[in-house]
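Visitor: For reference, the file upload_3.cif (mmCIF, C-alpha atoms) is included below:
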data_run
#
loop_
_atom_site.label_atom_id
_atom_site.label_comp_id
_atom_site.auth_asym_id
_atom_site.auth_seq_id
_atom_site.Cartn_x
_atom_site.Cartn_y
_atom_site.Cartn_z
CA MET I 1 -37.75 -14.41 -25.98
CA PHE I 2 -41.25 -13.47 -24.94
CA ASN I 3 -44.13 -14.27 -27.27
CA SER I 4 -45.99 -12.02 -29.69
CA GLN I 5 -48.98 -11.66 -27.37
CA CYS I 6 -46.76 -9.95 -24.78
CA LEU I 7 -45.51 -7.55 -27.41
CA LYS I 8 -49.01 -6.75 -28.65
CA ALA I 9 -50.11 -6.02 -25.10
CA LEU I 10 -47.11 -3.82 -24.55
CA LEU I 11 -47.77 -2.03 -27.82
CA ILE I 12 -51.28 -1.11 -26.73
CA ARG I 13 -49.99 0.35 -23.46
CA THR I 14 -46.94 2.24 -24.70
CA SER I 15 -47.85 3.29 -28.25
CA PRO I 16 -44.39 3.62 -29.78
CA THR I 17 -44.18 2.81 -33.47
CA LEU I 18 -45.50 -0.56 -34.58
CA ARG I 19 -42.29 -1.09 -36.52
CA CYS I 20 -40.23 -1.00 -33.32
CA PHE I 21 -42.19 -3.87 -31.80
CA ARG I 22 -42.33 -5.94 -34.94
CA LEU I 23 -38.58 -5.79 -35.19
CA LEU I 24 -37.95 -6.44 -31.51
CA GLN I 25 -40.10 -9.56 -31.42
CA GLN I 26 -37.89 -11.30 -33.96
CA HIS I 27 -35.45 -13.88 -32.68
CA TYR I 28 -32.03 -12.81 -33.84
CA PRO I 29 -29.22 -15.27 -34.56
CA SER I 30 -26.02 -14.89 -32.60
CA PRO I 31 -24.67 -11.45 -33.55
CA THR I 32 -21.24 -12.90 -34.17
CA SER I 33 -22.40 -15.84 -36.27
CA SER I 34 -21.81 -13.91 -39.48
CA LEU I 35 -18.39 -12.70 -38.44
CA LYS I 36 -15.26 -14.54 -39.46
CA TYR I 37 -13.05 -15.42 -36.56
CA SER I 38 -10.10 -15.91 -38.85
CA THR I 39 -8.69 -13.89 -41.72
CA SER I 40 -6.81 -16.71 -43.44
CA ALA I 41 -4.49 -17.62 -40.58
CA SER I 42 -3.82 -21.34 -40.63
CA PRO I 43 -5.29 -23.53 -37.84
CA GLY I 44 -3.23 -23.25 -34.68
CA ASP I 45 -1.30 -20.23 -35.96
CA HIS I 46 -1.71 -17.68 -33.20
CA SER I 47 1.66 -15.93 -33.45
CA PHE I 48 0.67 -12.82 -35.41
CA THR I 49 -2.52 -12.34 -33.39
CA VAL I 50 -0.72 -12.71 -30.08
CA SER I 51 2.07 -10.39 -31.19
CA TYR I 52 -0.41 -7.73 -32.35
CA LEU I 53 -2.41 -7.85 -29.12
CA ILE I 54 0.74 -7.48 -27.04
CA ASN I 55 2.56 -4.86 -29.10
CA SER I 56 -0.35 -2.75 -30.34
CA LEU I 57 -2.86 -3.02 -27.52
CA GLY I 58 -0.72 -3.74 -24.47
CA PHE I 59 -2.14 -7.16 -23.65
CA SER I 60 -0.24 -9.43 -21.31
CA LEU I 61 0.96 -12.68 -22.85
CA GLU I 62 -1.71 -14.64 -20.97
CA ALA I 63 -4.49 -12.28 -22.04
CA ALA I 64 -3.29 -12.32 -25.64
CA LEU I 65 -3.21 -16.12 -25.72
CA ASN I 66 -6.76 -16.28 -24.31
CA ALA I 67 -8.04 -13.75 -26.87
CA SER I 68 -6.33 -15.61 -29.73
CA LYS I 69 -8.52 -18.61 -28.96
CA LYS I 70 -11.52 -16.51 -29.98
CA VAL I 71 -10.11 -14.48 -32.85
CA ARG I 72 -7.21 -14.86 -35.29
CA PHE I 73 -5.77 -12.75 -38.10
CA ASP I 74 -2.52 -12.65 -40.03
CA THR I 75 -2.55 -9.00 -41.16
CA SER I 76 -3.10 -5.82 -39.19
CA GLN I 77 -5.37 -4.18 -41.75
CA LYS I 78 -8.73 -4.83 -40.08
CA PRO I 79 -7.53 -4.54 -36.47
CA ASP I 80 -5.79 -1.26 -37.29
CA SER I 81 -8.93 0.15 -38.90
CA VAL I 82 -10.98 -0.76 -35.82
CA VAL I 83 -8.47 0.79 -33.44
CA SER I 84 -8.28 3.89 -35.64
CA LEU I 85 -12.05 4.34 -35.54
CA PHE I 86 -12.12 4.04 -31.77
CA GLU I 87 -9.27 6.54 -31.46
CA SER I 88 -11.05 9.00 -33.75
CA HIS I 89 -13.94 8.98 -31.24
CA GLY I 90 -11.77 9.73 -28.24
CA PHE I 91 -11.09 6.21 -27.00
CA SER I 92 -7.80 5.97 -25.12
CA LYS I 93 -5.45 3.01 -25.50
CA SER I 94 -6.51 1.66 -22.10
CA ILE I 95 -10.21 1.82 -22.99
CA ILE I 96 -9.60 0.15 -26.36
CA LYS I 97 -7.67 -2.58 -24.58
CA ASP I 98 -10.57 -3.15 -22.15
CA VAL I 99 -13.10 -3.24 -25.00
CA ILE I 100 -11.12 -5.74 -27.09
CA ARG I 101 -10.37 -7.88 -24.06
CA LYS I 102 -14.12 -8.24 -23.49
CA ASP I 103 -15.06 -8.72 -27.15
CA PRO I 104 -12.07 -9.64 -29.37
CA TRP I 105 -14.41 -10.24 -32.35
CA LEU I 106 -14.48 -6.46 -32.87
CA LEU I 107 -11.00 -6.62 -34.38
CA LEU I 108 -12.40 -8.60 -37.33
CA CYS I 109 -15.46 -6.50 -38.09
CA ASP I 110 -15.79 -3.83 -40.73
CA PRO I 111 -15.75 -0.71 -38.54
CA GLN I 112 -17.39 1.46 -41.18
CA HIS I 113 -20.31 -0.95 -41.35
CA ASN I 114 -20.51 -2.54 -37.88
CA ILE I 115 -19.45 0.29 -35.56
CA LEU I 116 -19.54 3.75 -37.14
CA PRO I 117 -23.29 3.84 -37.97
CA LYS I 118 -24.12 2.99 -34.34
CA PHE I 119 -21.84 5.74 -33.08
CA GLU I 120 -23.39 8.19 -35.52
CA PHE I 121 -26.90 7.24 -34.42
CA LEU I 122 -26.13 7.76 -30.72
CA LEU I 123 -24.27 11.00 -31.40
CA SER I 124 -27.24 12.26 -33.40
CA LYS I 125 -29.39 11.72 -30.30
CA GLY I 126 -27.16 13.89 -28.14
CA ALA I 127 -24.63 11.40 -26.80
CA THR I 128 -21.10 12.75 -26.44
CA THR I 129 -17.92 10.92 -27.35
CA SER I 130 -17.38 10.56 -23.61
CA ASP I 131 -20.78 8.83 -23.40
CA LEU I 132 -19.75 6.47 -26.22
CA ASN I 133 -16.52 5.66 -24.38
CA PHE I 134 -18.47 4.83 -21.24
CA MET I 135 -21.15 2.73 -22.96
CA VAL I 136 -18.77 0.72 -25.12
CA ARG I 137 -16.25 0.15 -22.34
CA ARG I 138 -19.02 -1.15 -20.11
CA THR I 139 -20.93 -3.21 -22.69
CA PRO I 140 -19.09 -3.52 -26.02
CA ARG I 141 -21.34 -6.39 -27.08
CA PHE I 142 -24.19 -4.03 -27.95
CA LEU I 143 -22.12 -3.20 -31.06
CA MET I 144 -22.96 -6.73 -32.22
CA ARG I 145 -26.59 -5.82 -32.64
CA SER I 146 -28.25 -4.67 -35.85
CA LEU I 147 -28.74 -0.92 -35.85
CA GLU I 148 -32.00 -0.99 -37.83
CA ASN I 149 -33.50 -4.13 -36.35
CA HIS I 150 -32.56 -3.82 -32.69
CA ILE I 151 -30.75 -0.70 -31.48
CA ILE I 152 -33.07 1.87 -33.06
CA PRO I 153 -36.31 0.08 -32.04
CA SER I 154 -34.98 -0.40 -28.50
CA TYR I 155 -33.98 3.25 -28.29
CA GLU I 156 -37.35 4.46 -29.54
CA LEU I 157 -39.16 2.22 -27.05
CA LEU I 158 -37.15 3.69 -24.15
CA LYS I 159 -37.69 7.21 -25.44
CA GLY I 160 -41.42 6.52 -25.53
CA PHE I 161 -41.30 6.39 -21.74
CA LEU I 162 -38.56 8.92 -21.04
CA GLN I 163 -39.90 11.48 -23.54
CA ASN I 164 -36.63 13.05 -24.67
CA ASP I 165 -33.20 12.12 -25.96
CA LYS I 166 -31.26 13.52 -23.01
CA THR I 167 -32.90 11.29 -20.39
CA THR I 168 -32.90 8.31 -22.78
CA ILE I 169 -29.14 8.58 -23.33
CA SER I 170 -28.65 8.98 -19.58
CA SER I 171 -30.69 5.83 -18.94
CA ILE I 172 -28.71 3.84 -21.51
CA LYS I 173 -25.47 5.05 -19.92
CA GLY I 174 -26.77 3.67 -16.64
CA TYR I 175 -27.21 0.27 -18.24
CA PRO I 176 -25.99 -0.10 -21.86
CA ASP I 177 -27.11 -3.74 -21.94
CA MET I 178 -30.56 -2.37 -22.73
CA LEU I 179 -29.28 -1.95 -26.30
CA TYR I 180 -28.10 -5.56 -26.41
CA ASP I 181 -30.79 -7.92 -25.17
CA SER I 182 -34.55 -7.82 -24.75
CA ARG I 183 -34.88 -8.42 -21.03
CA ALA I 184 -35.55 -4.73 -20.43
CA ILE I 185 -38.55 -4.96 -22.74
CA GLN I 186 -39.76 -8.08 -20.94
CA SER I 187 -39.49 -6.24 -17.63
CA ILE I 188 -41.35 -3.20 -18.94
CA ASN I 189 -44.15 -5.49 -20.12
CA LEU I 190 -44.17 -7.17 -16.71
CA LEU I 191 -44.51 -3.81 -14.93
CA LEU I 192 -47.37 -2.69 -17.14
CA GLU I 193 -49.19 -6.01 -16.74
CA ASN I 194 -48.96 -5.53 -12.97
CA GLY I 195 -50.65 -2.15 -13.21
CA VAL I 196 -47.55 0.00 -12.78
CA SER I 197 -48.08 3.42 -14.36
CA ARG I 198 -46.03 4.69 -17.29
CA THR I 199 -44.73 7.46 -15.03
CA ASN I 200 -43.32 4.92 -12.59
CA VAL I 201 -41.84 2.84 -15.41
CA ALA I 202 -40.11 6.02 -16.61
CA LEU I 203 -38.85 6.69 -13.08
CA LEU I 204 -37.35 3.21 -12.92
CA LEU I 205 -35.75 3.61 -16.36
CA GLY I 206 -34.25 6.92 -15.30
CA ARG I 207 -33.11 6.02 -11.82
CA ARG I 208 -32.59 2.26 -11.71
CA PRO I 209 -32.40 0.86 -15.27
CA ARG I 210 -30.16 -2.06 -14.29
CA VAL I 211 -32.99 -3.78 -12.39
CA LEU I 212 -34.80 -4.29 -15.71
CA HIS I 213 -32.18 -6.94 -16.47
CA PHE I 214 -33.65 -9.12 -13.71
CA PRO I 215 -37.36 -9.76 -14.36
CA ASN I 216 -37.68 -12.23 -11.47
CA LEU I 217 -36.22 -9.77 -8.98
CA LEU I 218 -38.49 -7.07 -10.33
CA THR I 219 -41.59 -9.27 -10.03
CA LYS I 220 -40.80 -9.97 -6.38
CA ALA I 221 -40.18 -6.28 -5.65
CA VAL I 222 -43.49 -5.25 -7.27
CA GLU I 223 -45.35 -7.78 -5.12
CA GLU I 224 -43.59 -6.60 -1.94
CA VAL I 225 -44.31 -2.93 -2.62
CA LYS I 226 -47.97 -3.69 -3.30
CA CYS I 227 -48.15 -5.68 -0.05
CA LEU I 228 -46.83 -2.64 1.80
CA GLY I 229 -49.93 -0.76 0.70
CA PHE I 230 -48.63 1.33 -2.19
CA ASN I 231 -50.89 2.24 -5.09
CA SER I 232 -49.12 1.26 -8.32
CA PHE I 233 -50.21 4.55 -9.93
CA SER I 234 -48.94 6.76 -7.10
CA ALA I 235 -45.72 8.72 -7.42
CA THR I 236 -44.34 7.02 -4.31
CA PHE I 237 -44.73 3.54 -5.82
CA GLY I 238 -41.81 4.05 -8.20
CA VAL I 239 -39.54 5.34 -5.43
CA ALA I 240 -40.54 2.43 -3.17
CA LEU I 241 -39.76 0.03 -6.01
CA ILE I 242 -36.33 1.63 -6.44
CA ALA I 243 -35.68 1.28 -2.71
CA LYS I 244 -36.71 -2.38 -2.73
CA THR I 245 -34.53 -3.23 -5.71
CA LEU I 246 -31.56 -1.05 -4.78
CA LEU I 247 -31.09 -2.15 -1.19
CA SER I 248 -29.90 -5.64 -0.35
CA LYS I 249 -31.79 -7.42 2.41
CA SER I 250 -28.87 -6.93 4.79
CA LEU I 251 -28.72 -3.17 4.11
CA TRP I 252 -32.50 -2.86 4.35
CA ASP I 253 -32.48 -4.64 7.72
CA ALA I 254 -29.57 -2.50 8.92
CA LYS I 255 -31.52 0.69 8.19
CA VAL I 256 -34.62 -0.70 9.90
CA ASP I 257 -32.49 -1.44 12.99
CA LEU I 258 -31.01 2.06 12.83
CA TYR I 259 -34.41 3.73 12.87
CA LYS I 260 -35.42 1.46 15.75
CA ARG I 261 -32.40 2.62 17.75
CA TRP I 262 -33.75 6.15 17.45
CA GLY I 263 -37.11 5.12 18.90
CA TRP I 264 -39.12 4.14 15.84
CA SER I 265 -41.06 0.88 15.67
CA GLU I 266 -41.51 -1.17 12.51
CA GLU I 267 -45.06 0.21 12.30
CA THR I 268 -43.95 3.84 12.48
CA LEU I 269 -41.19 3.18 9.95
CA LEU I 270 -43.73 1.66 7.56
CA GLU I 271 -45.92 4.75 8.02
CA ALA I 272 -42.98 7.00 7.17
CA PHE I 273 -41.94 4.82 4.25
CA ARG I 274 -45.43 5.00 2.76
CA LYS I 275 -45.33 8.78 2.95
CA GLN I 276 -41.80 9.15 1.64
CA PRO I 277 -39.92 6.01 0.48
CA HIS I 278 -36.76 8.10 0.14
CA CYS I 279 -36.32 7.74 3.90
CA MET I 280 -34.96 4.24 3.22
CA LEU I 281 -32.70 5.51 0.44
CA ALA I 282 -30.94 7.99 2.73
CA SER I 283 -27.52 6.80 3.82
CA ARG I 284 -27.05 5.51 7.33
CA ASP I 285 -24.75 8.45 8.03
CA LYS I 286 -27.46 10.88 6.91
CA ILE I 287 -30.11 9.17 9.03
CA ASN I 288 -27.84 9.28 12.08
CA ALA I 289 -26.88 12.92 11.49
CA VAL I 290 -30.49 14.12 11.17
CA MET I 291 -31.69 12.07 14.14
CA SER I 292 -28.76 13.16 16.32
CA PHE I 293 -29.34 16.84 15.59
CA TRP I 294 -33.11 16.55 16.04
CA VAL I 295 -33.02 14.55 19.27
CA ASN I 296 -29.72 15.39 20.97
CA GLN I 297 -29.23 19.04 20.03
CA LEU I 298 -32.81 20.26 19.70
CA GLY I 299 -34.34 17.93 22.28
CA TRP I 300 -37.26 17.07 20.01
CA ASN I 301 -39.01 13.70 19.81
CA SER I 302 -37.79 11.50 16.95
CA LEU I 303 -41.37 10.33 16.33
CA LEU I 304 -42.21 13.80 15.02
CA LEU I 305 -40.19 12.91 11.94
CA VAL I 306 -42.60 10.09 11.12
CA LYS I 307 -45.00 12.83 10.01
CA GLY I 308 -42.26 14.49 7.96
CA PRO I 309 -39.91 11.85 6.55
CA ASN I 310 -38.94 14.31 3.81
CA MET I 311 -36.50 15.60 6.42
CA PHE I 312 -34.08 12.86 5.40
CA LEU I 313 -33.94 14.33 1.89
CA TYR I 314 -33.04 17.85 3.00
CA SER I 315 -29.56 19.22 3.47
CA LEU I 316 -28.70 19.23 7.16
CA GLU I 317 -26.44 22.28 6.84
CA ARG I 318 -28.39 24.35 4.30
CA ARG I 319 -31.97 23.74 5.39
CA ILE I 320 -32.44 21.79 8.61
CA ILE I 321 -29.98 23.58 10.90
CA PRO I 322 -30.80 27.18 9.79
CA ARG I 323 -34.56 26.65 10.05
CA ALA I 324 -34.37 24.63 13.26
CA SER I 325 -32.36 27.43 14.87
CA VAL I 326 -35.15 29.89 14.10
CA LEU I 327 -37.84 27.53 15.39
CA HIS I 328 -35.86 26.77 18.53
CA TYR I 329 -35.53 30.49 19.24
CA LEU I 330 -39.26 31.04 18.73
CA GLN I 331 -40.02 28.15 21.06
CA SER I 332 -37.73 29.53 23.76
CA LYS I 333 -39.58 32.86 23.61
CA GLY I 334 -43.00 31.24 23.64
CA LEU I 335 -43.78 32.71 20.24
CA ILE I 336 -45.15 29.56 18.63
CA LYS I 337 -47.87 27.29 19.94
CA LYS I 338 -46.83 24.14 21.75
CA ASN I 339 -48.92 21.98 19.46
CA ALA I 340 -47.64 23.64 16.25
CA SER I 341 -46.05 21.29 13.74
CA LEU I 342 -42.28 21.28 13.86
CA VAL I 343 -41.90 19.52 10.52
CA VAL I 344 -44.10 21.64 8.23
CA PRO I 345 -41.75 24.67 8.32
CA PHE I 346 -38.98 22.59 6.73
CA ALA I 347 -41.16 21.78 3.72
CA LEU I 348 -41.86 25.43 2.87
CA THR I 349 -40.00 27.38 0.23
CA GLU I 350 -37.41 29.75 1.63
CA ARG I 351 -39.61 32.76 0.84
CA GLN I 352 -42.57 31.18 2.63
CA PHE I 353 -40.42 30.25 5.62
CA LEU I 354 -39.02 33.77 5.99
CA GLU I 355 -42.47 35.35 5.73
CA ARG I 356 -44.10 33.01 8.26
CA PHE I 357 -41.31 32.47 10.79
CA VAL I 358 -38.94 35.42 10.55
CA GLU I 359 -40.36 38.64 9.11
CA CYS I 360 -43.74 38.57 10.85
CA TYR I 361 -42.32 38.67 14.40
CA GLU I 362 -41.82 42.35 15.12
CA GLY I 363 -39.17 43.02 17.69
CA HIS I 364 -37.53 39.70 16.90
CA ASN I 365 -37.29 39.70 13.11
CA HIS I 366 -33.81 41.28 12.93
CA ARG I 367 -32.45 38.79 15.47
CA LEU I 368 -34.14 35.89 13.68
CA LEU I 369 -32.84 36.93 10.26
CA LYS I 370 -29.31 37.32 11.61
CA LEU I 371 -29.51 33.88 13.25
CA TYR I 372 -30.82 32.31 10.05
CA GLU I 373 -28.22 33.95 7.83
CA GLU I 374 -25.36 33.05 10.17
CA LYS I 375 -26.30 29.36 9.97
CA LEU I 376 -26.54 29.57 6.18
CA LYS I 377 -23.13 31.28 6.06
CA ASN I 378 -21.63 28.56 8.22
CA ALA I 379 -23.12 25.97 5.87
CA GLY I 380 -21.51 27.71 2.90
CA MET I 381 -18.15 27.79 4.65
CA SER I 382 -18.32 24.09 5.52
CA CYS I 383 -19.04 23.26 1.87
CA ALA I 384 -16.24 25.44 0.53
#
Do you think you could lay out the structure here as structure tokens?
Guide:
Amino acid sequence: MFNSQCLKALLIRTSPTLRCFRLLQQHYPSPTSSLKYSTSASPGDHSFTVSYLINSLGFSLEAALNASKKVRFDTSQKPDSVVSLFESHGFSKSIIKDVIRKDPWLLLCDPQHNILPKFEFLLSKGATTSDLNFMVRRTPRFLMRSLENHIIPSYELLKGFLQNDKTTISSIKGYPDMLYDSRAIQSINLLLENGVSRTNVALLLGRRPRVLHFPNLLTKAVEEVKCLGFNSFSATFGVALIAKTLLSKSLWDAKVDLYKRWGWSEETLLEAFRKQPHCMLASRDKINAVMSFWVNQLGWNSLLLVKGPNMFLYSLERRIIPRASVLHYLQSKGLIKKNASLVVPFALTERQFLERFVECYEGHNHRLLKLYEEKLKNAGMSCA
């Protein structure tokens, strides 16, 4: 656990309720320490437990024997009540089996006290029963935590960054462990201490919450992104941080090599990455497709894309090909200047593009509009 000074510093920066932080800084005993792992079964008597796990939950004999080392009971009253509660919230038999296999202790808890209030809290915040199924199947151990002393304060802290319940629930779905331990809070504190803006913390919570589970990895990524010249308060810093934490070194190097094969140097790639870090989040197939169309079909220099790396975010079929066809036509007719930017037109809204590159060319506008609409129609057909 981190110390109280860290929490006080974090409190000043984030301003959620003081109660949330006071509760979260406590060191909780093991969540299962108060739970009885036996309901009067005699030592070594696993038979009823094993039989129940096999017949009621579909465990294999081996899995049932392993689970019976952690939990034992000689009546089905409590296990049945737990299973019933899960079923009443849309949990299938297979999901219940997965949950109990991960955390057999659940079969001995009081579901009305240990589980239902947590479900009700999350449902009150907009979670669906499908969301509950997903969260619990992925991380059933968060049900061990105290609702008042841990889950609610953790939730409110996350919401303080994400601003609304919908995005907070979505973030928790991305990594339900955030409701179990305090490493996410440690990581948030680390980010703020390193000058990362609240907006970028929110971006990370929304897009890449799992990385908050690894403070050391996050520290290294923050240092690397700063070394690349990013301002920690810029909008691109958060995206660059996501790219650095999402991509393994081997995948990062593979994408660098791919851009090099299309004529970029490491320096030009860094320039593009600083402008739009999403260029490293594009798939290798997308990078190849855009480069191939730009270089091989249009005959344009790949280095032009260094000035407009947003191109790797756009749909090839719905934006790049229709607009490039118009620009290529205008070039062939000598209707646009040779030194005119070939990347700016792709960043315009559709209305702006049509006004500036289609409708204003009298004598050509009908041909241009037909060409543009044909490419859009083809894109729609390919997506159908």
Visitor: Counting only C-alpha atoms, which residues of segment 108-225 of chain I sit at most 12 Å from some atom of segment 80-87 of chain I, and what is each one's closest atom pair with its distance in Å to one decimal, listed by chain and rising residue number, as JSON lines?
Guide:
{"residue": "I:Leu108", "atom": "CA", "partner": "I:Val82", "partner_atom": "CA", "distance": 8.1}
{"residue": "I:Cys109", "atom": "CA", "partner": "I:Val82", "partner_atom": "CA", "distance": 7.6}
{"residue": "I:Asp110", "atom": "CA", "partner": "I:Val82", "partner_atom": "CA", "distance": 7.5}
{"residue": "I:Pro111", "atom": "CA", "partner": "I:Val82", "partner_atom": "CA", "distance": 5.5}
{"residue": "I:Gln112", "atom": "CA", "partner": "I:Leu85", "partner_atom": "CA", "distance": 8.3}
{"residue": "I:His113", "atom": "CA", "partner": "I:Val82", "partner_atom": "CA", "distance": 10.8}
{"residue": "I:Asn114", "atom": "CA", "partner": "I:Val82", "partner_atom": "CA", "distance": 9.9}
{"residue": "I:Ile115", "atom": "CA", "partner": "I:Leu85", "partner_atom": "CA", "distance": 8.4}
{"residue": "I:Leu116", "atom": "CA", "partner": "I:Leu85", "partner_atom": "CA", "distance": 7.7}
{"residue": "I:Pro117", "atom": "CA", "partner": "I:Leu85", "partner_atom": "CA", "distance": 11.5}
{"residue": "I:Phe119", "atom": "CA", "partner": "I:Phe86", "partner_atom": "CA", "distance": 10.0}
{"residue": "I:Glu120", "atom": "CA", "partner": "I:Leu85", "partner_atom": "CA", "distance": 12.0}
{"residue": "I:Thr129", "atom": "CA", "partner": "I:Phe86", "partner_atom": "CA", "distance": 10.0}
{"residue": "I:Ser130", "atom": "CA", "partner": "I:Phe86", "partner_atom": "CA", "distance": 11.7}
{"residue": "I:Leu132", "atom": "CA", "partner": "I:Phe86", "partner_atom": "CA", "distance": 9.7}
{"residue": "I:Asn133", "atom": "CA", "partner": "I:Phe86", "partner_atom": "CA", "distance": 8.8}
{"residue": "I:Val136", "atom": "CA", "partner": "I:Phe86", "partner_atom": "CA", "distance": 10.0}
{"residue": "I:Arg137", "atom": "CA", "partner": "I:Phe86", "partner_atom": "CA", "distance": 11.0}
{"residue": "I:Pro140", "atom": "CA", "partner": "I:Phe86", "partner_atom": "CA", "distance": 11.8}
Visitor: If the PyMOL selection byres ((chain I and resi 179-196) around 7) were run on this exact file, what residues would it hold? Put them as a list in words.
Guide: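 When the PyMOL selection byres ((chain I and resi 179-196) around 7) is applied, the selected residues are Phe2, Cys6, Leu10, Arg141, Phe142, Arg145, Ile151, Ser154, Pro176, Asp177, Met178, Ser197, Arg198, Asn200, Val201, Leu212, His213, Pro215, Ser232 and Phe233 of chain I.
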Visitor: What do you get, as a ChimeraX atom specification, if you spell out every residue that the PyMOL selection byres ((chain I and resi 173) around 12) selects here?
Guide: /I:122,127-128,130-139,166-172,174-179,205-210
Visitor: Of the candidates I:Asp257, I:Glu374, I:Glu317, I:Glu271, which one gets nearest to Lys286 of chain I if we count all atoms listed in the file?
Guide: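 Residue with the minimum atom-to-atom distance to Lys286 of chain I: I:Glu317.
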Visitor: Env of segment 344-354 of chain I: 8 Å cut, atoms = all atoms listed in the file, seq-sep filter 6 positions within chain, self excluded. Answer as JSON, numbers by chain.
Guide: {"I": [308, 310, 311, 319, 320, 323]}
Visitor: Could you turn the residues from that selection into a file that holds C-alpha atoms, as an mmCIF file, keeping the file's coordinate frame?
Guide:
data_model
loop_
_atom_site.group_PDB
_atom_site.id
_atom_site.type_symbol
_atom_site.label_atom_id
_atom_site.label_comp_id
_atom_site.auth_asym_id
_atom_site.auth_seq_id
_atom_site.Cartn_x
_atom_site.Cartn_y
_atom_site.Cartn_z
ATOM 1 C CA GLY I 308 -42.260 14.490 7.960
ATOM 2 C CA ASN I 310 -38.940 14.310 3.810
ATOM 3 C CA MET I 311 -36.500 15.600 6.420
ATOM 4 C CA ARG I 319 -31.970 23.740 5.390
ATOM 5 C CA ILE I 320 -32.440 21.790 8.610
ATOM 6 C CA ARG I 323 -34.560 26.650 10.050
#
Visitor: One decimal, in Å: what's the spacing between atom CA of Pro309 of chain I and atom CA of Ile287 of chain I?
Guide: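 For atom CA of Pro309 of chain I relative to atom CA of Ile287 of chain I, the distance reads 10.5 Å.
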Visitor: Between I:Ser292, I:Ser234, I:Ser51, I:Thr199, which is the closest to Ala63 of chain I once you count all atoms listed in the file?
Guide: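 Looking at the shortest contact to Ala63 of chain I, the residue is I:Ser51.
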Visitor: Report, in Å with one decimal, the straight-line distance from atom CA of Arg274 of chain I to atom CA of Glu223 of chain I.
Guide: 15.0 Å
Visitor: Could you check how far atom CA of Trp294 of chain I sits from atom CA of Arg367 of chain I, in Å to one decimal?
Guide: 22.3 Å
Visitor: Given the point (-31.8, 8.9, 4.9) in the file's coordinates, find the residues that have an atom at most 12 Å from it, counting all atoms listed in the file, and give them as a ChimeraX atom specification.
Guide: /I:243,252,255-256,258-259,272-273,276-291,305,309-316
Visitor: Report as lines of an AutoDock Vina configuration file the centre and the edge lengths, in Å to one decimal, of the axis-aligned box holding every listed atom of segment 324-340 of chain I, padded by 6 Å on each side.
Guide:
center_x = -40.6
center_y = 27.4
center_z = 18.5
size_x = 28.6
size_y = 22.9
size_z = 22.5
